[in-house]
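File shown here: coords00.cif, holding mmCIF, C-alpha atoms.
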```cif
data_input
#
loop_
_atom_site.label_atom_id
_atom_site.label_comp_id
_atom_site.auth_asym_id
_atom_site.auth_seq_id
_atom_site.Cartn_x
_atom_site.Cartn_y
_atom_site.Cartn_z
CA MET A 1 -1.47 -13.71 12.50
CA GLY A 2 -4.18 -16.18 13.37
CA SER A 3 -5.49 -16.21 9.82
CA ARG A 4 -2.01 -16.86 8.47
CA ARG A 5 -1.72 -19.93 10.65
CA GLU A 6 -5.22 -21.10 9.80
CA ASN A 7 -4.38 -20.86 6.12
CA ALA A 8 -0.92 -22.36 6.48
CA LEU A 9 -0.14 -25.18 4.13
CA VAL A 10 2.97 -26.19 6.01
CA THR A 11 1.76 -29.05 8.13
CA TRP A 12 4.69 -31.43 7.71
CA LEU A 13 5.98 -30.79 11.20
CA LYS A 14 2.78 -31.71 12.99
CA THR A 15 3.24 -34.09 15.87
CA GLU A 16 0.80 -36.09 17.93
CA GLN A 17 0.59 -33.09 20.25
CA GLY A 18 -0.24 -30.68 17.43
CA ILE A 19 2.02 -28.38 15.47
CA ALA A 20 5.59 -28.95 16.56
CA GLN A 21 7.30 -26.61 18.95
CA PHE A 22 10.60 -25.09 17.92
CA ASP A 23 12.83 -27.39 19.97
CA ALA A 24 10.90 -30.47 18.88
CA ALA A 25 11.33 -29.48 15.25
CA LEU A 26 15.08 -28.99 15.66
CA ALA A 27 15.28 -32.33 17.48
CA LEU A 28 14.45 -34.08 14.22
CA ARG A 29 18.21 -33.64 13.66
CA PRO A 30 19.46 -34.39 17.20
CA GLU A 31 23.15 -33.70 16.68
CA LEU A 32 22.55 -30.36 15.00
CA ARG A 33 19.94 -29.48 17.62
CA ASP A 34 22.39 -30.06 20.47
CA LEU A 35 25.13 -28.06 18.76
CA TYR A 36 22.67 -25.27 18.03
CA ALA A 37 21.62 -25.25 21.69
CA ALA A 38 25.28 -25.10 22.70
CA PHE A 39 25.79 -22.10 20.42
CA TYR A 40 22.59 -20.18 21.17
CA GLY A 41 22.63 -21.19 24.84
CA LYS A 42 26.15 -19.89 25.28
CA LEU A 43 24.92 -16.41 24.54
CA TRP A 44 22.57 -16.62 27.54
CA ASP A 45 24.55 -18.93 29.83
CA ASP A 46 27.82 -17.02 29.77
CA GLU A 47 26.18 -13.64 30.47
CA LEU A 48 28.31 -12.03 27.79
CA LEU A 49 25.83 -9.15 27.78
CA PRO A 50 23.04 -8.03 30.13
CA SER A 51 20.03 -10.29 29.67
CA SER A 52 17.75 -7.23 29.49
CA LEU A 53 19.75 -5.95 26.51
CA LEU A 54 19.58 -9.29 24.72
CA GLU A 55 15.86 -9.56 25.46
CA ILE A 56 14.88 -6.19 23.98
CA CYS A 57 16.97 -6.96 20.88
CA ARG A 58 15.38 -10.42 20.57
CA LEU A 59 11.89 -9.02 20.85
CA ARG A 60 12.56 -6.15 18.41
CA VAL A 61 13.91 -8.57 15.81
CA ALA A 62 10.81 -10.72 16.33
CA GLN A 63 8.58 -7.68 15.86
CA LEU A 64 10.28 -6.86 12.57
CA HIS A 65 9.70 -10.41 11.36
CA GLU A 66 6.14 -10.39 12.71
CA CYS A 67 7.12 -13.71 14.27
CA GLU A 68 4.38 -14.49 16.77
CA ALA A 69 6.09 -17.69 17.92
CA GLU A 70 9.25 -15.82 18.93
CA LEU A 71 7.24 -12.99 20.49
CA ALA A 72 5.31 -15.55 22.55
CA VAL A 73 8.51 -16.42 24.42
CA ARG A 74 9.31 -14.16 27.37
CA HIS A 75 12.51 -14.21 29.36
CA GLU A 76 11.28 -13.81 32.94
CA GLY A 77 14.68 -13.06 34.43
CA ALA A 78 15.55 -10.29 32.03
CA SER A 79 13.88 -7.42 33.89
CA VAL A 80 12.27 -5.95 30.80
CA SER A 81 9.00 -4.26 31.70
CA GLU A 82 5.75 -4.57 29.76
CA GLU A 83 5.95 -0.80 29.25
CA GLN A 84 9.34 -1.21 27.55
CA ILE A 85 8.03 -4.03 25.38
CA ARG A 86 5.10 -1.86 24.29
CA ALA A 87 7.56 0.97 23.51
CA LEU A 88 9.87 -1.23 21.42
CA ALA A 89 8.03 -0.58 18.17
CA ASN A 90 8.94 3.11 18.49
CA TRP A 91 12.11 2.81 20.52
CA GLN A 92 13.74 5.72 18.70
CA GLU A 93 11.19 8.08 20.25
CA SER A 94 11.14 6.48 23.69
CA ASP A 95 12.96 7.59 26.81
CA LEU A 96 12.66 4.11 28.31
CA PHE A 97 15.88 2.94 26.67
CA SER A 98 19.43 4.02 27.44
CA GLU A 99 21.88 5.20 24.80
CA PRO A 100 23.74 1.84 24.79
CA GLU A 101 20.40 0.06 24.39
CA LYS A 102 19.51 2.35 21.49
CA ALA A 103 22.84 1.58 19.82
CA ALA A 104 22.03 -2.11 20.16
CA LEU A 105 18.48 -1.57 18.88
CA THR A 106 19.89 0.21 15.83
CA LEU A 107 21.73 -2.99 14.96
CA SER A 108 18.60 -5.03 15.71
CA GLU A 109 16.58 -2.76 13.45
CA LYS A 110 18.86 -3.19 10.46
CA VAL A 111 20.09 -6.79 10.55
CA PRO A 112 16.81 -8.50 9.53
CA TRP A 113 15.85 -6.49 6.43
CA GLN A 114 18.23 -3.52 6.10
CA HIS A 115 21.63 -5.09 6.67
CA HIS A 116 23.22 -3.06 3.88
CA ASP A 117 22.09 0.16 5.56
CA LEU A 118 24.17 -0.48 8.65
CA THR A 119 26.80 2.28 8.72
CA ASP A 120 30.32 2.54 10.05
CA GLU A 121 28.93 5.10 12.49
CA ASP A 122 26.31 2.65 13.74
CA TYR A 123 29.02 0.09 14.44
CA SER A 124 31.34 2.68 15.93
CA ASP A 125 28.58 3.57 18.39
CA LEU A 126 28.36 -0.07 19.39
CA ARG A 127 32.09 -0.28 20.02
CA THR A 128 31.99 2.94 22.02
CA HIS A 129 29.23 1.69 24.30
CA PHE A 130 30.20 -1.97 24.61
CA GLY A 131 33.80 -2.42 23.48
CA GLU A 132 34.80 -4.58 20.57
CA ALA A 133 34.40 -8.03 22.12
CA LYS A 134 30.89 -7.33 23.41
CA ALA A 135 29.93 -5.69 20.11
CA VAL A 136 30.88 -8.96 18.42
CA ALA A 137 28.80 -10.94 20.92
CA LEU A 138 25.85 -8.64 20.33
CA THR A 139 26.15 -8.98 16.56
CA VAL A 140 26.22 -12.76 16.86
CA GLY A 141 23.23 -12.62 19.20
CA ILE A 142 21.15 -10.48 16.88
CA ALA A 143 22.04 -12.71 13.92
CA LEU A 144 20.83 -15.69 15.97
CA PHE A 145 17.58 -13.92 16.89
CA ASP A 146 17.09 -13.24 13.18
CA ALA A 147 17.84 -16.88 12.34
CA ASN A 148 15.46 -18.13 15.03
CA CYS A 149 12.61 -16.10 13.57
CA ARG A 150 13.33 -17.40 10.08
CA LEU A 151 13.43 -20.97 11.37
CA ARG A 152 10.19 -20.59 13.32
CA LEU A 153 8.43 -19.02 10.35
CA ALA A 154 9.72 -21.74 8.02
CA PHE A 155 8.64 -24.49 10.44
CA ASP A 156 5.40 -22.59 11.19
CA THR A 157 5.76 -23.43 14.87
CA ASP A 158 2.99 -22.74 17.33
CA PRO A 159 2.98 -19.31 19.10
CA THR A 160 2.23 -20.76 22.51
CA PRO A 161 2.99 -18.24 25.30
CA ILE A 162 6.05 -19.38 27.26
CA ARG A 163 7.63 -17.71 30.25
CA ALA A 164 11.12 -19.13 30.51
CA THR A 165 13.96 -18.47 32.91
CA ARG A 166 15.98 -17.90 29.75
CA PRO A 167 15.22 -18.50 26.06
CA ALA A 168 17.92 -21.15 25.75
CA SER A 169 20.66 -22.92 27.62
CA SER A 170 23.51 -25.13 26.45
CA GLN A 171 22.23 -27.97 28.62
CA GLY A 172 18.51 -27.26 28.44
CA PRO A 173 15.63 -26.64 26.08
CA ILE A 174 15.38 -24.00 23.39
CA TYR A 175 12.12 -22.14 23.80
CA MET B 1 29.01 -1.30 2.37
CA SER B 2 31.95 -0.36 4.51
CA THR B 3 35.31 -0.16 2.80
CA LYS B 4 37.25 -0.85 5.97
CA PRO B 5 36.85 -3.58 8.57
CA ARG B 6 34.52 -2.61 11.40
CA VAL B 7 35.99 -5.23 13.71
CA SER B 8 39.69 -5.81 14.20
CA SER B 9 41.39 -9.17 14.12
CA ALA B 10 41.52 -10.84 17.51
CA ILE B 11 44.32 -13.08 16.28
CA PRO B 12 47.74 -11.40 16.23
CA GLY B 13 49.33 -11.33 12.80
CA GLU B 14 46.14 -12.19 10.92
CA GLU B 15 44.07 -9.85 8.78
CA PRO B 16 40.55 -8.93 9.89
CA SER B 17 38.08 -11.49 8.60
CA PHE B 18 34.90 -13.27 9.64
CA GLY B 19 36.87 -15.80 11.66
CA THR B 20 39.26 -13.37 13.32
CA ALA B 21 36.33 -11.08 14.23
CA LEU B 22 34.45 -13.97 15.87
CA ALA B 23 37.65 -14.78 17.74
CA HIS B 24 36.93 -11.80 19.99
CA GLN B 25 34.44 -14.22 21.57
CA PRO B 26 36.27 -17.57 21.68
CA GLY B 27 33.40 -19.44 23.31
CA LEU B 28 30.87 -18.35 20.71
CA ALA B 29 33.38 -18.91 17.91
CA GLY B 30 34.06 -22.46 19.10
CA ALA B 31 30.37 -23.29 19.41
CA PHE B 32 29.65 -21.85 15.98
CA GLY B 33 32.56 -23.81 14.52
CA MET B 34 31.23 -27.06 15.93
CA LEU B 35 27.73 -26.42 14.60
CA TYR B 36 28.78 -25.26 11.16
CA SER B 37 31.44 -27.91 10.61
CA THR B 38 29.02 -30.65 11.64
CA PHE B 39 26.41 -29.27 9.28
CA TRP B 40 28.88 -29.58 6.40
CA SER B 41 30.54 -32.83 7.35
CA LYS B 42 27.51 -34.89 8.36
CA GLY B 43 23.78 -35.05 7.91
CA ALA B 44 21.00 -36.00 5.58
CA LEU B 45 21.73 -33.56 2.77
CA ASP B 46 24.34 -33.96 0.06
CA HIS B 47 27.07 -31.35 -0.39
CA ARG B 48 25.71 -30.07 -3.66
CA THR B 49 22.34 -29.20 -2.12
CA LYS B 50 24.00 -27.42 0.79
CA GLU B 51 26.31 -25.46 -1.50
CA VAL B 52 23.53 -24.45 -3.90
CA THR B 53 21.42 -23.14 -1.02
CA ARG B 54 24.43 -21.39 0.56
CA MET B 55 25.22 -19.62 -2.69
CA ARG B 56 21.58 -18.69 -3.32
CA ASN B 57 21.25 -17.32 0.20
CA ALA B 58 24.39 -15.22 -0.29
CA ARG B 59 22.98 -13.86 -3.53
CA VAL B 60 19.58 -13.05 -2.05
CA THR B 61 21.20 -11.22 0.86
CA ASP B 62 23.66 -9.58 -1.56
CA CYS B 63 26.62 -10.78 0.46
CA GLY B 64 29.71 -10.50 -1.71
CA TYR B 65 31.90 -12.16 0.86
#
```

Rendering of file as structure tokens:
Amino acid sequence: MGSRRENALVTWLKTEQGIAQFDAALALRPELRDLYAAFYGKLWDDELLPSSLLEICRLRVAQLHECEAELAVRHEGASVSEEQIRALANWQESDLFSEPEKAALTLSEKVPWQHHDLTDEDYSDLRTHFGEAKAVALTVGIALFDANCRLRLAFDTDPTPIRATRPASSQGPIY
Amino acid sequence: MSTKPRVSSAIPGEEPSFGTALAHQPGLAGAFGMLYSTFWSKGALDHRTKEVTRMRNARVTDCGY
């Protein structure tokens, strides 16, 4: 991805510190940035779902987008091992993920580029493993991970490695 | 595309829809509502530009809703 960045024509978000980070880019519209943080942060703050589940879904969506800036963010508190992260690209064949996690990864796999291929059975599996309310939270979360990647790629933000206590918080930064 | 709703309505008496599905998570629904309504009611872009891009995005993603 280095060559893509070197050849990038999108330089309009450069700051004095270099290419803008994601949060700094969003902060160009402060009110929307704060409301976006409140929305995205709620997913992490309220612990609607296990952070490890959200983290593997976030990283899988980022892999599918080839979004280096999103992949550079790691959620330290999520208890996802490096071995699991390496296995994410072939999660279907891996025994490192539970059945509920695989149901969630099925949704993660399809939302970015294959949303019309999501089946009633896929969603039924989600409801079976998580219940309806948590399935809704997971769907919102995966849609936000997808949106984040699209925003980062559009802004061409810098893939600086970040180890955060959580990717976002209603009252804190968005990494 | 599914021919039946995958998520029930969380609001008694209302048909399943985008809003009533989100209502299963009131906190997320409220935060989304604040963000999306502010996007439409305020900001640097005119309504026509927002609507044109919304419609084009729906077409590109083949979202008939």

- Task: Could you check how far atom CA of Pro5 of chain B sits from atom CA of Leu54 of chain A, in Å to one decimal?
- Result: 24.3 Å

Please give the centre and size of the box around segment 17-33 of chain B (axis-aligned, containing every atom listed in the file, 3 Å added per side), with values in Å to one decimal and written as AutoDock Vina command-line options.
```
--center_x 34.5 --center_y -17.4 --center_z 16.0 --size_x 15.6 --size_y 18.7 --size_z 20.7
```

- Item | Interface list for chain B, partner chain A, 6 Å threshold, only C-alpha atoms, as a list in words | His24, Ala31, Phe32 and Leu35 of chain B

Output file for the selection above: C-alpha atoms, as a compact mmCIF listing (two decimals), in the frame of the given file:
```
# COMPACT_ATOMS: atom_id res chain seq x y z
CA HIS B 24 36.93 -11.80 19.99
CA ALA B 31 30.37 -23.29 19.41
CA PHE B 32 29.65 -21.85 15.98
CA LEU B 35 27.73 -26.42 14.60
```

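Between Arg54 of chain B and the residues B:Trp40, B:Gly19, B:Ser8, B:Glu14, the shortest atom-to-atom distance, using all atoms listed in the file, involves B:Trp40.
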
- Message: Residue by residue, what does the PyMOL selection byres ((chain B and resi 61) around 12) grab here? Present the result as an MDAnalysis selection string.
- Response: (chainID A and resid 111:116) or (chainID B and resid 54:60 62:65)

- Item | Which of A:Arg150, A:Glu101, A:Leu138, A:Ser79 sits closest to Leu22 of chain B [using all atoms listed in the file] |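 Selected residue with least distance to Leu22 of chain B: A:Leu138.
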
- Item | Å distance separating atom CA of His75 of chain A from atom CA of Gly30 of chain B, one decimal place | 25.3 Å

- Task: To verify the selection step, state as an NGL selection string which residues the PyMOL selection byres ((chain A and resi 96) around 9) yields on this input.
- Result: :A and (83-84 or 87 or 91 or 94-95 or 97-98)

- Query: Of the candidates A:Leu59, A:Leu126, A:Leu26, A:Ile85, which shows the shortest atom-to-atom distance to Arg6 of chain B, using only C-alpha atoms?
  - Reply: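 That would be A:Leu126, the residue with the smallest distance to Arg6 of chain B.
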
- Nearest to Ser170 of chain A by atom-to-atom distance, counting all atoms listed in the file, from A:Leu71, A:Ala104, A:Ala24, A:Asp45: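 Closest residue, counting all atoms listed in the file: A:Asp45.
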
- Task: Tell me, in Å to one decimal, how far atom CA of Ala154 of chain A is from atom CA of Leu53 of chain A.
- Result: 26.3 Å

- Query: Near Ile162 of chain A, within 8 Å and counting only C-alpha atoms, which residues show up once chain neighbours fewer than 2 positions away are dropped, as a ChimeraX atom specification?
  - Reply: /A:72-74,160,164,175

- Message: With all atoms listed in the file as the counted atoms, please give the residues lying no more than 8 Å from Ile174 of chain A, apart from itself and same-chain residues fewer than 4 positions off, as a PyMOL selection string.
- Response: chain A and resi 22-23+37+41+167-169

- Thr106 of chain A: which residues within 8 Å, counting all atoms listed in the file, same-chain residues fewer than 4 positions away excluded, as a list in words?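 So, after excluding close chain neighbours, the residues are Lys102, Lys110 and Asp122 of chain A.
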
Print the selection's residues with C-alpha atoms to a file, as a tab-separated table (two decimals), in the frame of the given file.
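For reference, out.tsv as written:
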```tsv
chain	number	residue	atom	x	y	z
A	102	LYS	CA	19.51	2.35	21.49
A	110	LYS	CA	18.86	-3.19	10.46
A	122	ASP	CA	26.31	2.65	13.74
```

- Task: Kindly indicate which residue among A:Glu109, A:Asp158, A:Glu93, A:Glu82 lies nearest to His65 of chain A, using all atoms listed in the file for the distances.
- Result: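 Between A:Glu109, A:Asp158, A:Glu93, A:Glu82, the residue approaching His65 of chain A most closely is A:Glu109.
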
- Looking at all atoms listed in the file, which of A:Gln171, A:Asp125, A:Glu47, A:Phe155 is the one that sits closest to Leu28 of chain A?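 Ranked by minimum distance to Leu28 of chain A, first place goes to A:Phe155.
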
Check which residues satisfy the PyMOL selection byres ((chain A and resi 157) around 7) in the file shown, then give them as a short mmCIF file (atom, residue, chain, number, x, y, z; two decimals) with C-alpha atoms, in the frame of the given file.
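Saved result, selection.cif, follows:
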```cif
data_model
loop_
_atom_site.label_atom_id
_atom_site.label_comp_id
_atom_site.auth_asym_id
_atom_site.auth_seq_id
_atom_site.Cartn_x
_atom_site.Cartn_y
_atom_site.Cartn_z
CA ILE A 19 2.02 -28.38 15.47
CA ALA A 20 5.59 -28.95 16.56
CA GLN A 21 7.30 -26.61 18.95
CA PHE A 22 10.60 -25.09 17.92
CA ALA A 69 6.09 -17.69 17.92
CA ARG A 152 10.19 -20.59 13.32
CA LEU A 153 8.43 -19.02 10.35
CA PHE A 155 8.64 -24.49 10.44
CA ASP A 156 5.40 -22.59 11.19
CA ASP A 158 2.99 -22.74 17.33
CA PRO A 159 2.98 -19.31 19.10
#
```

Is it possible to produce a file of chain B from this structure, with C-alpha atoms, as a short mmCIF file (atom, residue, chain, number, x, y, z; two decimals), in the first residue's frame?
```cif
data_model
loop_
_atom_site.label_atom_id
_atom_site.label_comp_id
_atom_site.auth_asym_id
_atom_site.auth_seq_id
_atom_site.Cartn_x
_atom_site.Cartn_y
_atom_site.Cartn_z
CA MET B 1 -32.92 -9.99 -1.28
CA SER B 2 -35.06 -11.26 1.54
CA THR B 3 -38.80 -11.11 1.03
CA LYS B 4 -39.55 -10.96 4.73
CA PRO B 5 -38.13 -8.74 7.45
CA ARG B 6 -35.08 -10.22 9.15
CA VAL B 7 -35.53 -8.03 12.22
CA SER B 8 -38.82 -7.50 14.00
CA SER B 9 -40.21 -4.16 15.03
CA ALA B 10 -39.11 -3.11 18.50
CA ILE B 11 -41.99 -0.64 18.65
CA PRO B 12 -45.35 -2.24 19.47
CA GLY B 13 -47.97 -1.68 16.80
CA GLU B 14 -45.51 -0.56 14.13
CA GLU B 15 -44.43 -2.51 11.07
CA PRO B 16 -40.81 -3.66 10.78
CA SER B 17 -38.71 -0.94 9.17
CA PHE B 18 -35.25 0.58 9.37
CA GLY B 19 -36.28 2.74 12.31
CA THR B 20 -38.16 0.09 14.26
CA ALA B 21 -35.26 -2.36 13.75
CA LEU B 22 -32.75 0.16 15.13
CA ALA B 23 -35.10 0.68 18.05
CA HIS B 24 -33.90 -2.66 19.43
CA GLN B 25 -30.87 -0.59 20.45
CA PRO B 26 -32.33 2.71 21.71
CA GLY B 27 -28.95 4.22 22.57
CA LEU B 28 -27.49 3.57 19.14
CA ALA B 29 -30.73 4.65 17.46
CA GLY B 30 -30.72 7.94 19.37
CA ALA B 31 -27.08 8.65 18.57
CA PHE B 32 -27.63 7.83 14.91
CA GLY B 33 -30.70 10.06 14.83
CA MET B 34 -28.76 13.00 16.23
CA LEU B 35 -25.94 12.55 13.72
CA TYR B 36 -28.13 12.03 10.69
CA SER B 37 -30.63 14.78 11.49
CA THR B 38 -27.81 17.25 12.09
CA PHE B 39 -26.22 16.27 8.80
CA TRP B 40 -29.46 17.12 7.00
CA SER B 41 -30.49 20.18 8.96
CA LYS B 42 -27.15 21.98 9.23
CA GLY B 43 -23.77 22.16 7.59
CA ALA B 44 -21.84 23.48 4.66
CA LEU B 45 -23.62 21.57 1.89
CA ASP B 46 -26.93 22.49 0.30
CA HIS B 47 -29.83 20.03 0.38
CA ARG B 48 -29.71 19.34 -3.32
CA THR B 49 -26.09 18.16 -3.15
CA LYS B 50 -26.84 15.91 -0.19
CA GLU B 51 -29.91 14.42 -1.87
CA VAL B 52 -28.13 13.82 -5.18
CA THR B 53 -25.30 11.99 -3.42
CA ARG B 54 -27.75 10.03 -1.23
CA MET B 55 -29.68 8.87 -4.28
CA ARG B 56 -26.52 8.02 -6.22
CA ASN B 57 -25.16 6.04 -3.28
CA ALA B 58 -28.43 4.11 -3.03
CA ARG B 59 -28.26 3.32 -6.73
CA VAL B 60 -24.62 2.21 -6.62
CA THR B 61 -25.34 -0.08 -3.67
CA ASP B 62 -28.56 -1.23 -5.37
CA CYS B 63 -30.61 -0.37 -2.31
CA GLY B 64 -34.25 -0.21 -3.35
CA TYR B 65 -35.36 0.99 0.04
#
```
